[in-house]
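Presented below is the structure to which this report refers.
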Amino acid sequence: MLGTIINAAAIVLGGLLGSLFGSKIRDDYVRGIMTVMGFTVAAIGIQSAVGIRSFLVVVLSMAFGTLIGMLLKLDDRVNALGDWARDRLKDTPLGKGPFSEGFVSCTLLFCTGSMAILGSIRAGLDQDYSILLTKSVMDGISAMAFASAFGPGVIFSAIPILLYQGAITLLAAAVEPVLTADVVGEMSGVGGPIFLAMACNMIGFSEKRFKIGDMLPCLFLPLVLVPLAKAVGLF
């Protein structure tokens, strides 16, 4: 768990610094930072999508995962939670910015990708923290940049990181056979279109905000769909 704890702490530290100093930045500068970070997220999305091996798996994951999220009203629930936390902090320097969007966007950004999964497995099996320590530096810097635009919601993305990566680390021996290279690759690939939707929200591409929270289940459907696709010869 040490690597995951360090990763979460780096996000909290970066998020705190970005939130506190970001509140002193003029609004037009904050808007500029958010736009630049939006293009950065779009580039990450394109990079993730390049690794897709089965577009069928990605299409089904996106379609059924979003449907599940809509039925569960995940985006509404996450936003309600974010609004509640923001209201508790409204009289402090941390009570500013698009709280829920920062939380959801950074949770996806920090949880999606091979480093989160493979780093946690290596930490659990071999006590090798090198991948997670590298990720901690990257996430801490990213958290600082995102928090300067989004505010303190970024800080709370450390909680799902702690739960997600911590669970993989503790259950490494059990999940390693399931989280094969193909499954991890398609999970990262599914993150591609989600990152592009996030980027559109950040840049303000559309007047109507994409409900990113409803897309959260999409990330986990490759766990089921990749083995099924292999069984019927479609992967």
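Scheme for the structure tokens: letters A, B, ... for chains in order shown; per-chain residue numbers from 1; ligand numbers from 1 in order shown.
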
Go through range 103-142 of chain A residue by residue and, counting only C-alpha atoms, keep those with an atom at most 10 Å from range 17-24 of chain A; for each kept residue give the shortest atom pair and its distance in Å to one decimal, ordered by chain and increasing number, as a Markdown table.
```
| residue | atom | partner | partner_atom | distance |
| --- | --- | --- | --- | --- |
| A:Gly140 | CA | A:Leu17 | CA | 9.8 |
| A:Ile141 | CA | A:Gly18 | CA | 9.2 |
| A:Ser142 | CA | A:Gly18 | CA | 9.5 |
```

- Item | Contact residues around Gly119 in chain A with only C-alpha atoms at 9 Å, ignoring same-chain residues under 2 positions, as a PyMOL selection string | chain A and resi 3+114-117+121-124+128-133+135+165+169

- Among range 34-164 of chain A, which ones does DSSP place in helix (DSSP H, G or I), written as JSON, numbers by chain? {"A": [34, 35, 36, 37, 38, 39, 40, 41, 42, 43, 44, 45, 46, 47, 48, 49, 50, 55, 56, 57, 58, 59, 60, 61, 62, 63, 64, 65, 66, 67, 68, 69, 70, 71, 72, 74, 75, 76, 77, 78, 79, 80, 81, 82, 83, 84, 85, 86, 87, 88, 99, 100, 101, 102, 103, 104, 105, 106, 107, 108, 109, 110, 111, 114, 115, 116, 117, 118, 119, 120, 121, 122, 123, 124, 125, 126, 130, 131, 132, 133, 134, 135, 136, 137, 138, 139, 140, 141, 142, 143, 144, 145, 146, 147, 148, 149, 150, 152, 153, 154, 155, 156, 157, 158, 159, 160, 161, 162, 163, 164]}

Hey, could you make a per-residue contact list for range 95-185 of chain A against range 190-211 of chain A with 12 Å as the cut-off, showing the nearest pair of atoms and its distance in Å to one decimal, counting only C-alpha atoms, sorted by chain and number, as JSON lines?
```
{"residue": "A:Pro98", "atom": "CA", "partner": "A:Met202", "partner_atom": "CA", "distance": 10.5}
{"residue": "A:Ser100", "atom": "CA", "partner": "A:Lys211", "partner_atom": "CA", "distance": 11.2}
{"residue": "A:Glu101", "atom": "CA", "partner": "A:Met198", "partner_atom": "CA", "distance": 9.0}
{"residue": "A:Gly102", "atom": "CA", "partner": "A:Met202", "partner_atom": "CA", "distance": 9.9}
{"residue": "A:Phe103", "atom": "CA", "partner": "A:Met198", "partner_atom": "CA", "distance": 11.9}
{"residue": "A:Val104", "atom": "CA", "partner": "A:Met198", "partner_atom": "CA", "distance": 9.4}
{"residue": "A:Ser105", "atom": "CA", "partner": "A:Met198", "partner_atom": "CA", "distance": 6.7}
{"residue": "A:Cys106", "atom": "CA", "partner": "A:Met198", "partner_atom": "CA", "distance": 9.9}
{"residue": "A:Thr107", "atom": "CA", "partner": "A:Phe195", "partner_atom": "CA", "distance": 11.4}
{"residue": "A:Leu108", "atom": "CA", "partner": "A:Gly191", "partner_atom": "CA", "distance": 8.0}
{"residue": "A:Leu109", "atom": "CA", "partner": "A:Phe195", "partner_atom": "CA", "distance": 7.7}
{"residue": "A:Phe110", "atom": "CA", "partner": "A:Gly191", "partner_atom": "CA", "distance": 11.0}
{"residue": "A:Cys111", "atom": "CA", "partner": "A:Gly191", "partner_atom": "CA", "distance": 9.8}
{"residue": "A:Thr112", "atom": "CA", "partner": "A:Gly191", "partner_atom": "CA", "distance": 6.4}
{"residue": "A:Gly113", "atom": "CA", "partner": "A:Gly191", "partner_atom": "CA", "distance": 7.7}
{"residue": "A:Ser114", "atom": "CA", "partner": "A:Gly191", "partner_atom": "CA", "distance": 10.9}
{"residue": "A:Phe146", "atom": "CA", "partner": "A:Met202", "partner_atom": "CA", "distance": 10.5}
{"residue": "A:Ala149", "atom": "CA", "partner": "A:Met202", "partner_atom": "CA", "distance": 9.6}
{"residue": "A:Phe150", "atom": "CA", "partner": "A:Met202", "partner_atom": "CA", "distance": 9.5}
{"residue": "A:Val183", "atom": "CA", "partner": "A:Val190", "partner_atom": "CA", "distance": 10.6}
{"residue": "A:Val184", "atom": "CA", "partner": "A:Val190", "partner_atom": "CA", "distance": 9.9}
{"residue": "A:Gly185", "atom": "CA", "partner": "A:Val190", "partner_atom": "CA", "distance": 8.7}
```

Go ahead and write the residues just picked, N, CA, C and O atoms, as a PDB file, in the first residue's frame.
```
ATOM      1  N   PRO A  98     -15.236  24.839 -10.100  1.00  0.00           N
ATOM      2  CA  PRO A  98     -16.170  23.762 -10.479  1.00  0.00           C
ATOM      3  C   PRO A  98     -15.803  22.465  -9.769  1.00  0.00           C
ATOM      4  O   PRO A  98     -15.131  21.591 -10.320  1.00  0.00           O
ATOM      5  N   SER A 100     -17.235  19.575  -8.610  1.00  0.00           N
ATOM      6  CA  SER A 100     -17.564  18.222  -9.052  1.00  0.00           C
ATOM      7  C   SER A 100     -16.803  17.848 -10.315  1.00  0.00           C
ATOM      8  O   SER A 100     -16.328  16.713 -10.455  1.00  0.00           O
ATOM      9  N   GLU A 101     -16.692  18.796 -11.245  1.00  0.00           N
ATOM     10  CA  GLU A 101     -15.993  18.507 -12.489  1.00  0.00           C
ATOM     11  C   GLU A 101     -14.518  18.207 -12.228  1.00  0.00           C
ATOM     12  O   GLU A 101     -13.928  17.328 -12.851  1.00  0.00           O
ATOM     13  N   GLY A 102     -13.928  18.936 -11.307  1.00  0.00           N
ATOM     14  CA  GLY A 102     -12.541  18.668 -10.955  1.00  0.00           C
ATOM     15  C   GLY A 102     -12.359  17.289 -10.343  1.00  0.00           C
ATOM     16  O   GLY A 102     -11.414  16.571 -10.664  1.00  0.00           O
ATOM     17  N   PHE A 103     -13.292  16.902  -9.471  1.00  0.00           N
ATOM     18  CA  PHE A 103     -13.229  15.593  -8.829  1.00  0.00           C
ATOM     19  C   PHE A 103     -13.357  14.467  -9.852  1.00  0.00           C
ATOM     20  O   PHE A 103     -12.533  13.550  -9.901  1.00  0.00           O
ATOM     21  N   VAL A 104     -14.389  14.527 -10.700  1.00  0.00           N
ATOM     22  CA  VAL A 104     -14.637  13.460 -11.670  1.00  0.00           C
ATOM     23  C   VAL A 104     -13.521  13.392 -12.706  1.00  0.00           C
ATOM     24  O   VAL A 104     -13.000  12.308 -13.013  1.00  0.00           O
ATOM     25  N   SER A 105     -13.146  14.546 -13.248  1.00  0.00           N
ATOM     26  CA  SER A 105     -12.129  14.569 -14.297  1.00  0.00           C
ATOM     27  C   SER A 105     -10.802  14.004 -13.814  1.00  0.00           C
ATOM     28  O   SER A 105     -10.176  13.179 -14.492  1.00  0.00           O
ATOM     29  N   CYS A 106     -10.374  14.419 -12.634  1.00  0.00           N
ATOM     30  CA  CYS A 106      -9.079  13.959 -12.135  1.00  0.00           C
ATOM     31  C   CYS A 106      -9.129  12.519 -11.632  1.00  0.00           C
ATOM     32  O   CYS A 106      -8.132  11.800 -11.717  1.00  0.00           O
ATOM     33  N   THR A 107     -10.287  12.082 -11.129  1.00  0.00           N
ATOM     34  CA  THR A 107     -10.424  10.675 -10.762  1.00  0.00           C
ATOM     35  C   THR A 107     -10.213   9.795 -11.985  1.00  0.00           C
ATOM     36  O   THR A 107      -9.463   8.804 -11.944  1.00  0.00           O
ATOM     37  N   LEU A 108     -10.846  10.144 -13.093  1.00  0.00           N
ATOM     38  CA  LEU A 108     -10.677   9.386 -14.333  1.00  0.00           C
ATOM     39  C   LEU A 108      -9.243   9.472 -14.835  1.00  0.00           C
ATOM     40  O   LEU A 108      -8.654   8.471 -15.244  1.00  0.00           O
ATOM     41  N   LEU A 109      -8.691  10.677 -14.800  1.00  0.00           N
ATOM     42  CA  LEU A 109      -7.339  10.875 -15.309  1.00  0.00           C
ATOM     43  C   LEU A 109      -6.316  10.055 -14.538  1.00  0.00           C
ATOM     44  O   LEU A 109      -5.437   9.417 -15.129  1.00  0.00           O
ATOM     45  N   PHE A 110      -6.439  10.028 -13.214  1.00  0.00           N
ATOM     46  CA  PHE A 110      -5.446   9.360 -12.386  1.00  0.00           C
ATOM     47  C   PHE A 110      -5.665   7.846 -12.290  1.00  0.00           C
ATOM     48  O   PHE A 110      -4.732   7.094 -12.028  1.00  0.00           O
ATOM     49  N   CYS A 111      -6.915   7.397 -12.472  1.00  0.00           N
ATOM     50  CA  CYS A 111      -7.211   5.965 -12.348  1.00  0.00           C
ATOM     51  C   CYS A 111      -7.056   5.211 -13.670  1.00  0.00           C
ATOM     52  O   CYS A 111      -6.800   4.009 -13.671  1.00  0.00           O
ATOM     53  N   THR A 112      -7.271   5.919 -14.782  1.00  0.00           N
ATOM     54  CA  THR A 112      -7.248   5.260 -16.087  1.00  0.00           C
ATOM     55  C   THR A 112      -5.823   5.165 -16.601  1.00  0.00           C
ATOM     56  O   THR A 112      -5.065   6.123 -16.540  1.00  0.00           O
ATOM     57  N   GLY A 113      -5.489   4.014 -17.124  1.00  0.00           N
ATOM     58  CA  GLY A 113      -4.161   3.834 -17.701  1.00  0.00           C
ATOM     59  C   GLY A 113      -3.419   2.668 -17.083  1.00  0.00           C
ATOM     60  O   GLY A 113      -3.750   2.187 -15.999  1.00  0.00           O
ATOM     61  N   SER A 114      -2.416   2.229 -17.809  1.00  0.00           N
ATOM     62  CA  SER A 114      -1.690   1.027 -17.392  1.00  0.00           C
ATOM     63  C   SER A 114      -0.840   1.261 -16.147  1.00  0.00           C
ATOM     64  O   SER A 114      -0.605   0.328 -15.372  1.00  0.00           O
ATOM     65  N   PHE A 146      -4.383  21.199 -12.550  1.00  0.00           N
ATOM     66  CA  PHE A 146      -5.841  21.096 -12.650  1.00  0.00           C
ATOM     67  C   PHE A 146      -6.533  21.856 -11.522  1.00  0.00           C
ATOM     68  O   PHE A 146      -7.568  22.489 -11.728  1.00  0.00           O
ATOM     69  N   ALA A 149      -7.261  25.494 -11.926  1.00  0.00           N
ATOM     70  CA  ALA A 149      -8.416  25.828 -12.755  1.00  0.00           C
ATOM     71  C   ALA A 149      -9.721  25.317 -12.157  1.00  0.00           C
ATOM     72  O   ALA A 149     -10.731  26.021 -12.140  1.00  0.00           O
ATOM     73  N   PHE A 150      -9.711  24.082 -11.636  1.00  0.00           N
ATOM     74  CA  PHE A 150     -10.933  23.446 -11.147  1.00  0.00           C
ATOM     75  C   PHE A 150     -11.204  23.704  -9.667  1.00  0.00           C
ATOM     76  O   PHE A 150     -12.350  23.588  -9.214  1.00  0.00           O
ATOM     77  N   VAL A 183      -6.634  -6.905 -21.525  1.00  0.00           N
ATOM     78  CA  VAL A 183      -7.702  -6.243 -20.768  1.00  0.00           C
ATOM     79  C   VAL A 183      -7.273  -4.840 -20.367  1.00  0.00           C
ATOM     80  O   VAL A 183      -8.030  -3.863 -20.531  1.00  0.00           O
ATOM     81  N   VAL A 184      -6.054  -4.710 -19.844  1.00  0.00           N
ATOM     82  CA  VAL A 184      -5.549  -3.390 -19.436  1.00  0.00           C
ATOM     83  C   VAL A 184      -5.483  -2.454 -20.636  1.00  0.00           C
ATOM     84  O   VAL A 184      -5.844  -1.273 -20.553  1.00  0.00           O
ATOM     85  N   GLY A 185      -5.058  -2.992 -21.779  1.00  0.00           N
ATOM     86  CA  GLY A 185      -4.979  -2.182 -22.996  1.00  0.00           C
ATOM     87  C   GLY A 185      -6.330  -1.650 -23.428  1.00  0.00           C
ATOM     88  O   GLY A 185      -6.460  -0.480 -23.809  1.00  0.00           O
TER      89      GLY A 185
END
```

- Selected residue of minimal separation from Glu186 in chain A among A:Ser48, A:Thr134, A:Thr4, A:Ser157, counting only C-alpha atoms: A:Ser48
